[in-house]
$ cat my_file07.pdb   # PDB, C-alpha atoms
ATOM      1  CA  MET A  10      32.738  42.740  66.498
ATOM      2  CA  SER A  11      32.892  43.525  62.805
ATOM      3  CA  LYS A  12      35.300  41.731  60.531
ATOM      4  CA  HIS A  13      35.565  44.782  58.242
ATOM      5  CA  THR A  14      37.956  47.568  58.937
ATOM      6  CA  PRO A  15      36.575  51.091  59.060
ATOM      7  CA  LEU A  16      38.217  51.789  55.653
ATOM      8  CA  ALA A  17      36.528  48.774  54.050
ATOM      9  CA  VAL A  18      33.141  49.851  55.448
ATOM     10  CA  LEU A  19      33.649  53.305  54.047
ATOM     11  CA  ALA A  20      34.597  51.877  50.635
ATOM     12  CA  LEU A  21      31.510  49.635  50.580
ATOM     13  CA  ALA A  22      29.266  52.561  51.526
ATOM     14  CA  PHE A  23      30.787  54.672  48.728
ATOM     15  CA  LEU A  24      30.316  51.901  46.133
ATOM     16  CA  GLY A  25      26.718  51.413  47.252
ATOM     17  CA  ALA A  26      25.996  55.126  46.830
ATOM     18  CA  VAL A  27      27.455  55.113  43.301
ATOM     19  CA  ALA A  28      25.441  52.035  42.335
ATOM     20  CA  THR A  29      22.248  53.604  43.694
ATOM     21  CA  THR A  30      22.579  57.021  42.109
ATOM     22  CA  GLY A  31      24.087  56.060  38.739
ATOM     23  CA  GLN A  32      26.416  58.280  36.773
ATOM     24  CA  GLN A  33      24.181  61.359  36.795
ATOM     25  CA  GLY A  34      23.429  61.303  40.505
ATOM     26  CA  SER A  35      19.742  60.468  39.940
ATOM     27  CA  THR A  36      17.758  57.792  41.753
ATOM     28  CA  LYS A  37      15.087  57.647  38.968
ATOM     29  CA  ALA A  38      14.737  54.511  36.877
ATOM     30  CA  PRO A  39      15.769  54.966  33.217
ATOM     31  CA  GLN A  40      12.847  55.778  30.885
ATOM     32  CA  LYS A  41      11.819  53.193  28.324
ATOM     33  CA  GLN A  42      12.437  54.047  24.705
ATOM     34  CA  PRO A  43       9.392  53.593  22.458
ATOM     35  CA  ALA A  44       9.559  50.255  20.658
ATOM     36  CA  LYS A  45      10.469  50.552  16.998
ATOM     37  CA  ALA A  46       8.056  49.034  14.540
ATOM     38  CA  ASN A  47       9.331  45.826  13.069
ATOM     39  CA  LEU A  48       8.530  45.992   9.328
ATOM     40  CA  ILE A  49       9.703  43.129   7.152
ATOM     41  CA  ILE A  50       9.146  43.242   3.385
ATOM     42  CA  ARG A  51       8.393  39.669   2.307
ATOM     43  CA  LYS A  52       7.749  40.272  -1.409
ATOM     44  CA  ALA A  53       7.259  43.221  -3.762
ATOM     45  CA  VAL A  54       6.275  43.070  -7.440
ATOM     46  CA  TYR A  55       5.751  45.793 -10.034
ATOM     47  CA  GLY A  56       3.953  45.497 -13.358
ATOM     48  CA  ASP A  57       0.714  44.247 -14.884
ATOM     49  CA  LEU A  58      -0.911  42.612 -11.859
ATOM     50  CA  PRO A  59      -2.268  40.120 -11.168
ATOM     51  CA  ASP A  60      -1.438  37.886 -14.146
ATOM     52  CA  GLY A  61       0.577  39.986 -16.594
ATOM     53  CA  MET A  62       4.261  40.765 -16.908
ATOM     54  CA  THR A  63       5.862  41.807 -13.600
ATOM     55  CA  VAL A  64       9.305  42.249 -12.095
ATOM     56  CA  ASP A  65      10.414  41.345  -8.584
ATOM     57  CA  VAL A  66      11.383  44.570  -6.772
ATOM     58  CA  THR A  67      11.648  43.108  -3.257
ATOM     59  CA  ALA A  68      15.301  44.040  -2.706
ATOM     60  CA  LYS A  69      14.731  47.630  -3.868
ATOM     61  CA  VAL A  70      11.647  48.100  -1.664
ATOM     62  CA  ARG A  71      13.487  46.708   1.375
ATOM     63  CA  THR A  72      16.046  49.533   1.056
ATOM     64  CA  MET A  73      13.195  52.072   1.180
ATOM     65  CA  VAL A  74      12.081  51.092   4.704
ATOM     66  CA  LYS A  75      13.066  53.844   7.143
ATOM     67  CA  ASN A  76      12.412  53.658  10.895
ATOM     68  CA  GLY A  77       9.843  50.897  10.484
ATOM     69  CA  THR A  78       7.871  52.791   7.806
ATOM     70  CA  LEU A  79       7.645  52.352   4.032
ATOM     71  CA  THR A  80       6.603  55.168   1.695
ATOM     72  CA  VAL A  81       7.133  54.535  -2.017
ATOM     73  CA  LYS A  82       5.651  55.808  -5.269
ATOM     74  CA  ALA A  83       4.711  53.219  -7.883
ATOM     75  CA  SER A  84       6.680  54.564 -10.832
ATOM     76  CA  ASP A  85       9.110  53.588 -13.542
ATOM     77  CA  ASP A  86      11.499  56.139 -12.026
ATOM     78  CA  ASN A  87      11.688  53.940  -8.917
ATOM     79  CA  PHE A  88      11.538  50.495 -10.525
ATOM     80  CA  GLY A  89      12.293  50.791 -14.248
ATOM     81  CA  ASP A  90      10.101  49.646 -17.129
ATOM     82  CA  PRO A  91       8.644  46.276 -16.112
ATOM     83  CA  TYR A  92       7.704  45.543 -19.725
ATOM     84  CA  ASN A  93      11.126  46.066 -21.325
ATOM     85  CA  GLY A  94       9.612  48.380 -23.932
ATOM     86  CA  THR A  95       6.917  45.907 -25.014
ATOM     87  CA  MET A  96       3.944  47.692 -23.404
ATOM     88  CA  ASN A  97       3.580  50.349 -26.082
ATOM     89  CA  LEU A  98       0.241  52.124 -26.264
ATOM     90  CA  THR A  99      -1.613  51.839 -29.566
ATOM     91  CA  ILE A 100      -4.550  54.132 -30.280
ATOM     92  CA  VAL A 101      -6.959  52.111 -32.405
ATOM     93  CA  LYS A 102      -9.542  54.854 -32.888
ATOM     94  CA  ALA A 103     -10.703  58.054 -31.193
ATOM     95  CA  ILE A 104     -14.122  59.616 -31.727
ATOM     96  CA  TYR A 105     -15.369  63.045 -30.598
ATOM     97  CA  ARG A 106     -19.175  63.017 -30.084
ATOM     98  CA  SER A 107     -21.550  65.930 -29.603
ATOM     99  CA  VAL A 108     -25.021  67.053 -30.715
ATOM    100  CA  GLY A 109     -23.495  67.902 -34.113
ATOM    101  CA  GLY A 110     -22.429  64.310 -34.666
ATOM    102  CA  GLU A 111     -19.160  62.415 -34.557
ATOM    103  CA  VAL A 112     -15.698  63.484 -35.620
ATOM    104  CA  ASP A 113     -12.809  61.050 -36.019
ATOM    105  CA  ILE A 114      -9.884  62.540 -34.076
ATOM    106  CA  THR A 115      -7.676  59.437 -34.115
ATOM    107  CA  ASP A 116      -4.684  61.202 -35.680
ATOM    108  CA  ASN A 117      -4.861  64.073 -33.153
ATOM    109  CA  VAL A 118      -4.963  61.642 -30.245
ATOM    110  CA  ARG A 119      -2.118  59.516 -31.640
ATOM    111  CA  ALA A 120       0.036  62.646 -31.794
ATOM    112  CA  ASN A 121      -0.248  62.941 -28.002
ATOM    113  CA  VAL A 122       1.001  59.414 -27.270
ATOM    114  CA  ASP A 123       4.321  59.311 -25.488
ATOM    115  CA  GLY A 124       5.629  55.728 -25.344
ATOM    116  CA  ASN A 125       3.138  53.916 -23.173
ATOM    117  CA  ARG A 126       1.056  56.916 -22.037
ATOM    118  CA  LEU A 127      -1.464  59.323 -23.442
ATOM    119  CA  VAL A 128      -2.028  62.592 -21.653
ATOM    120  CA  GLY A 129      -3.930  65.424 -23.286
ATOM    121  CA  SER A 130      -6.788  67.820 -22.737
ATOM    122  CA  MET A 131     -10.108  67.633 -24.493
ATOM    123  CA  LYS A 132     -11.158  70.539 -26.678
ATOM    124  CA  ASP A 133     -14.033  71.399 -28.977
ATOM    125  CA  GLU A 134     -13.369  69.861 -32.376
ATOM    126  CA  GLY A 135     -15.526  72.366 -34.278
ATOM    127  CA  THR A 136     -18.886  70.667 -33.957
ATOM    128  CA  VAL A 137     -21.968  71.991 -32.190
ATOM    129  CA  VAL A 138     -21.261  71.538 -28.503
ATOM    130  CA  SER A 139     -23.819  69.586 -26.523
ATOM    131  CA  PRO A 140     -24.168  69.675 -22.756
ATOM    132  CA  GLN A 141     -21.948  66.568 -22.539
ATOM    133  CA  PRO A 142     -19.648  66.178 -25.547
ATOM    134  CA  SER A 143     -17.279  63.282 -25.117
ATOM    135  CA  VAL A 144     -14.255  61.547 -26.544
ATOM    136  CA  THR A 145     -14.132  57.772 -26.726
ATOM    137  CA  VAL A 146     -10.669  56.340 -27.207
ATOM    138  CA  TYR A 147     -10.210  52.713 -28.219
ATOM    139  CA  TYR A 148      -6.716  51.532 -27.364
ATOM    140  CA  ARG A 149      -4.573  48.545 -26.468
ATOM    141  CA  TYR A 150      -1.219  47.797 -24.914
ATOM    142  CA  GLY A 151       1.220  45.549 -26.730
ATOM    143  CA  GLU A 152      -0.691  42.701 -28.324
ATOM    144  CA  GLY A 153      -3.474  42.864 -25.748
ATOM    145  CA  GLU A 154      -7.205  43.234 -26.297
ATOM    146  CA  THR A 155      -8.748  46.544 -27.338
ATOM    147  CA  LEU A 156     -10.076  48.582 -24.438
ATOM    148  CA  SER A 157     -11.992  51.851 -24.380
ATOM    149  CA  MET A 158     -12.227  54.899 -22.194
ATOM    150  CA  VAL A 159     -14.611  57.875 -22.320
ATOM    151  CA  GLU A 160     -13.861  61.418 -21.179
ATOM    152  CA  HIS A 161     -16.296  64.333 -21.074
ATOM    153  CA  ALA A 162     -15.470  67.845 -22.256
ATOM    154  CA  GLY A 163     -13.444  70.057 -19.987
ATOM    155  CA  GLY A 164     -11.419  67.158 -18.647
ATOM    156  CA  SER A 165      -8.140  65.641 -19.565
ATOM    157  CA  ILE A 166      -7.590  62.416 -21.407
ATOM    158  CA  GLU A 167      -5.136  60.121 -19.678
ATOM    159  CA  ILE A 168      -4.321  56.517 -20.433
ATOM    160  CA  LYS A 169      -1.626  54.829 -18.380
ATOM    161  CA  PRO A 170      -0.295  51.289 -18.600
ATOM    162  CA  PRO A 171      -2.005  48.826 -16.260
ATOM    163  CA  THR A 172       0.930  48.973 -13.858
ATOM    164  CA  LYS A 173       0.610  48.323 -10.128
ATOM    165  CA  LEU A 174       2.925  47.877  -7.165
ATOM    166  CA  ARG A 175       2.079  45.158  -4.641
ATOM    167  CA  VAL A 176       3.989  44.739  -1.375
ATOM    168  CA  ALA A 177       3.547  41.802   1.012
ATOM    169  CA  TYR A 178       4.917  42.571   4.467
ATOM    170  CA  THR A 179       4.970  41.615   8.122
ATOM    171  CA  LEU A 180       4.457  44.493  10.571
ATOM    172  CA  ASN A 181       5.004  43.707  14.246
ATOM    173  CA  GLY A 182       4.324  40.023  13.589
ATOM    174  CA  VAL A 183       1.126  40.566  11.545
ATOM    175  CA  ASN A 184       1.118  39.720   7.827
ATOM    176  CA  GLY A 185      -0.468  42.089   5.327
ATOM    177  CA  TRP A 186      -0.235  43.371   1.775
ATOM    178  CA  LYS A 187      -1.076  46.537  -0.134
ATOM    179  CA  THR A 188      -1.452  47.317  -3.826
ATOM    180  CA  VAL A 189      -1.460  50.718  -5.542
ATOM    181  CA  ASP A 190      -1.806  51.832  -9.155
ATOM    182  CA  LEU A 191       0.883  53.530 -11.217
ATOM    183  CA  ASP A 192       1.800  57.009  -9.897
ATOM    184  CA  GLN A 193       0.161  56.377  -6.508
ATOM    185  CA  THR A 194       2.037  56.195  -3.222
ATOM    186  CA  LEU A 195       2.069  53.021  -1.152
ATOM    187  CA  GLU A 196       2.547  53.535   2.575
ATOM    188  CA  VAL A 197       2.976  51.090   5.446
ATOM    189  CA  LYS A 198       3.362  52.946   8.731
ATOM    190  CA  GLY A 199       5.044  51.423  11.735
ATOM    191  CA  LYS A 200       3.207  51.901  15.007
TER     192      LYS A 200
END

$ encode --input "my_file07.pdb" --output "structure tokens"
Amino acid sequence: MSKHTPLAVLALAFLGAVATTGQQGSTKAPQKQPAKANLIIRKAVYGDLPDGMTVDVTAKVRTMVKNGTLTVKASDDNFGDPYNGTMNLTIVKAIYRSVGGEVDITDNVRANVDGNRLVGSMKDEGTVVSPQPSVTVYYRYGEGETLSMVEHAGGSIEIKPPTKLRVAYTLNGVNGWKTVDLDQTLEVKGK
């Protein structure tokens, strides 16, 4: 003889049916959601890497992580001037060379300097054009050493400060780091 009354048995059967079917009346197990990538920014620096003037941009980069992924452009627009105005570009000398000889174009090149950048296009300076005329620009940043760069005709002349963005991170428990040059995009994708 059963200790339960017919009403109690009915109630238990009803509760069992609800527990089995769930709210939507389905007997299927719930589907797993894909695991989100766990991206932790440990350190981020912006500036003249590895040994020059840099600023810590860790807090700013952490705010740029979206859904376990980081995509950020290394730029002063994102991180400000890491040199506080001290990394001014100085054109020491600029020489245009071709078969016809050399022409000093220092003043023309200096006129194209904008703060800490030089961007311009190379053009014939009135000499006999050789198959590979070139411009050699001797320059420095701040009080640094004099450097040089060579561009061939038909190209553009571009000198940018030696700025880089480096991000040290942990992605799903694995440590890593990436570095990109000024105006490049750094990306760490969650899996």

$ residues_near_point --input "my_file07.pdb" --point "(0.1, 39.2, -14.4)" --cutoff "12 Å" --atoms "all atoms listed in the file" --output "mmCIF file with C-alpha atoms, in the frame of the given file"
data_model
loop_
_atom_site.group_PDB
_atom_site.id
_atom_site.type_symbol
_atom_site.label_atom_id
_atom_site.label_comp_id
_atom_site.auth_asym_id
_atom_site.auth_seq_id
_atom_site.Cartn_x
_atom_site.Cartn_y
_atom_site.Cartn_z
ATOM 1 C CA VAL A 54 6.275 43.070 -7.440
ATOM 2 C CA TYR A 55 5.751 45.793 -10.034
ATOM 3 C CA GLY A 56 3.953 45.497 -13.358
ATOM 4 C CA ASP A 57 0.714 44.247 -14.884
ATOM 5 C CA LEU A 58 -0.911 42.612 -11.859
ATOM 6 C CA PRO A 59 -2.268 40.120 -11.168
ATOM 7 C CA ASP A 60 -1.438 37.886 -14.146
ATOM 8 C CA GLY A 61 0.577 39.986 -16.594
ATOM 9 C CA MET A 62 4.261 40.765 -16.908
ATOM 10 C CA THR A 63 5.862 41.807 -13.600
ATOM 11 C CA VAL A 64 9.305 42.249 -12.095
ATOM 12 C CA PRO A 91 8.644 46.276 -16.112
ATOM 13 C CA TYR A 92 7.704 45.543 -19.725
ATOM 14 C CA PRO A 171 -2.005 48.826 -16.260
ATOM 15 C CA THR A 172 0.930 48.973 -13.858
ATOM 16 C CA LYS A 173 0.610 48.323 -10.128
ATOM 17 C CA LEU A 174 2.925 47.877 -7.165
ATOM 18 C CA ARG A 175 2.079 45.158 -4.641
#

$ closest_residue --input "my_file07.pdb" --among "A:Ala53, A:Met73, A:Val183, A:Met96" --to "Gly153 (chain A)" --atoms "only C-alpha atoms"
A:Met96

$ atom_distance --input "my_file07.pdb" --atom1 "CA of Thr115 (chain A)" --atom2 "CA of Ile100 (chain A)"
7.3 Å

$ resolve_selection --input "my_file07.pdb" --expression "the PyMOL selection byres ((chain A and resi 112-114) around 10)" --output "list in words"
Lys102, Ala103, Ile104, Tyr105, Arg106, Ser107, Gly109, Gly110, Glu111, Thr115, Asp116, Asn117, Val118, Arg119, Glu134, Gly135, Thr136, Val144, Thr145 and Val146 of chain A

$ resolve_selection --input "my_file07.pdb" --expression "the PyMOL selection byres ((chain A and resi 121-123) around 10)" --output "short mmCIF file (atom, residue, chain, number, x, y, z; two decimals) with C-alpha atoms, in the frame of the given file"
data_model
loop_
_atom_site.label_atom_id
_atom_site.label_comp_id
_atom_site.auth_asym_id
_atom_site.auth_seq_id
_atom_site.Cartn_x
_atom_site.Cartn_y
_atom_site.Cartn_z
CA ASN A 97 3.58 50.35 -26.08
CA LEU A 98 0.24 52.12 -26.26
CA THR A 99 -1.61 51.84 -29.57
CA ILE A 100 -4.55 54.13 -30.28
CA ASP A 116 -4.68 61.20 -35.68
CA ASN A 117 -4.86 64.07 -33.15
CA VAL A 118 -4.96 61.64 -30.24
CA ARG A 119 -2.12 59.52 -31.64
CA ALA A 120 0.04 62.65 -31.79
CA GLY A 124 5.63 55.73 -25.34
CA ASN A 125 3.14 53.92 -23.17
CA ARG A 126 1.06 56.92 -22.04
CA LEU A 127 -1.46 59.32 -23.44
CA VAL A 128 -2.03 62.59 -21.65
CA GLY A 129 -3.93 65.42 -23.29
CA SER A 130 -6.79 67.82 -22.74
CA ILE A 166 -7.59 62.42 -21.41
CA GLU A 167 -5.14 60.12 -19.68
CA ILE A 168 -4.32 56.52 -20.43
#

$ closest_residue --input "my_file07.pdb" --among "A:Val108, A:Val159, A:Ala177, A:Asp85" --to "Thr67 (chain A)" --atoms "all atoms listed in the file"
A:Ala177

$ resolve_selection --input "my_file07.pdb" --expression "the PyMOL selection byres ((chain A and resi 187) around 8)" --output "ChimeraX atom specification"
/A:175-177,185-186,188-189,195

$ residues_around --input "my_file07.pdb" --residues "Ser84 (chain A)" --least-positions-apart "5" --cutoff "8 Å" --atoms "all atoms listed in the file" --output "JSON list (two decimals) with C-alpha atoms, in the frame of the given file"
[["chain", "number", "residue", "atom", "x", "y", "z"],
["A", 89, "GLY", "CA", 12.29, 50.79, -14.25],
["A", 191, "LEU", "CA", 0.88, 53.53, -11.22],
["A", 192, "ASP", "CA", 1.80, 57.01, -9.90]]

$ atom_distance --input "my_file07.pdb" --atom1 "CA of Thr194 (chain A)" --atom2 "CA of Asn93 (chain A)"
22.6 Å

$ atom_distance --input "my_file07.pdb" --atom1 "CA of Phe88 (chain A)" --atom2 "CA of Lys69 (chain A)"
7.9 Å

$ closest_residue --input "my_file07.pdb" --among "A:Thr78, A:Asn47, A:Ser157, A:Ser165" --to "Lys198 (chain A)" --atoms "only C-alpha atoms"
A:Thr78

$ closest_residue --input "my_file07.pdb" --among "A:Leu156, A:Val101, A:Val197, A:Leu180" --to "Val70 (chain A)" --atoms "only C-alpha atoms"
A:Val197
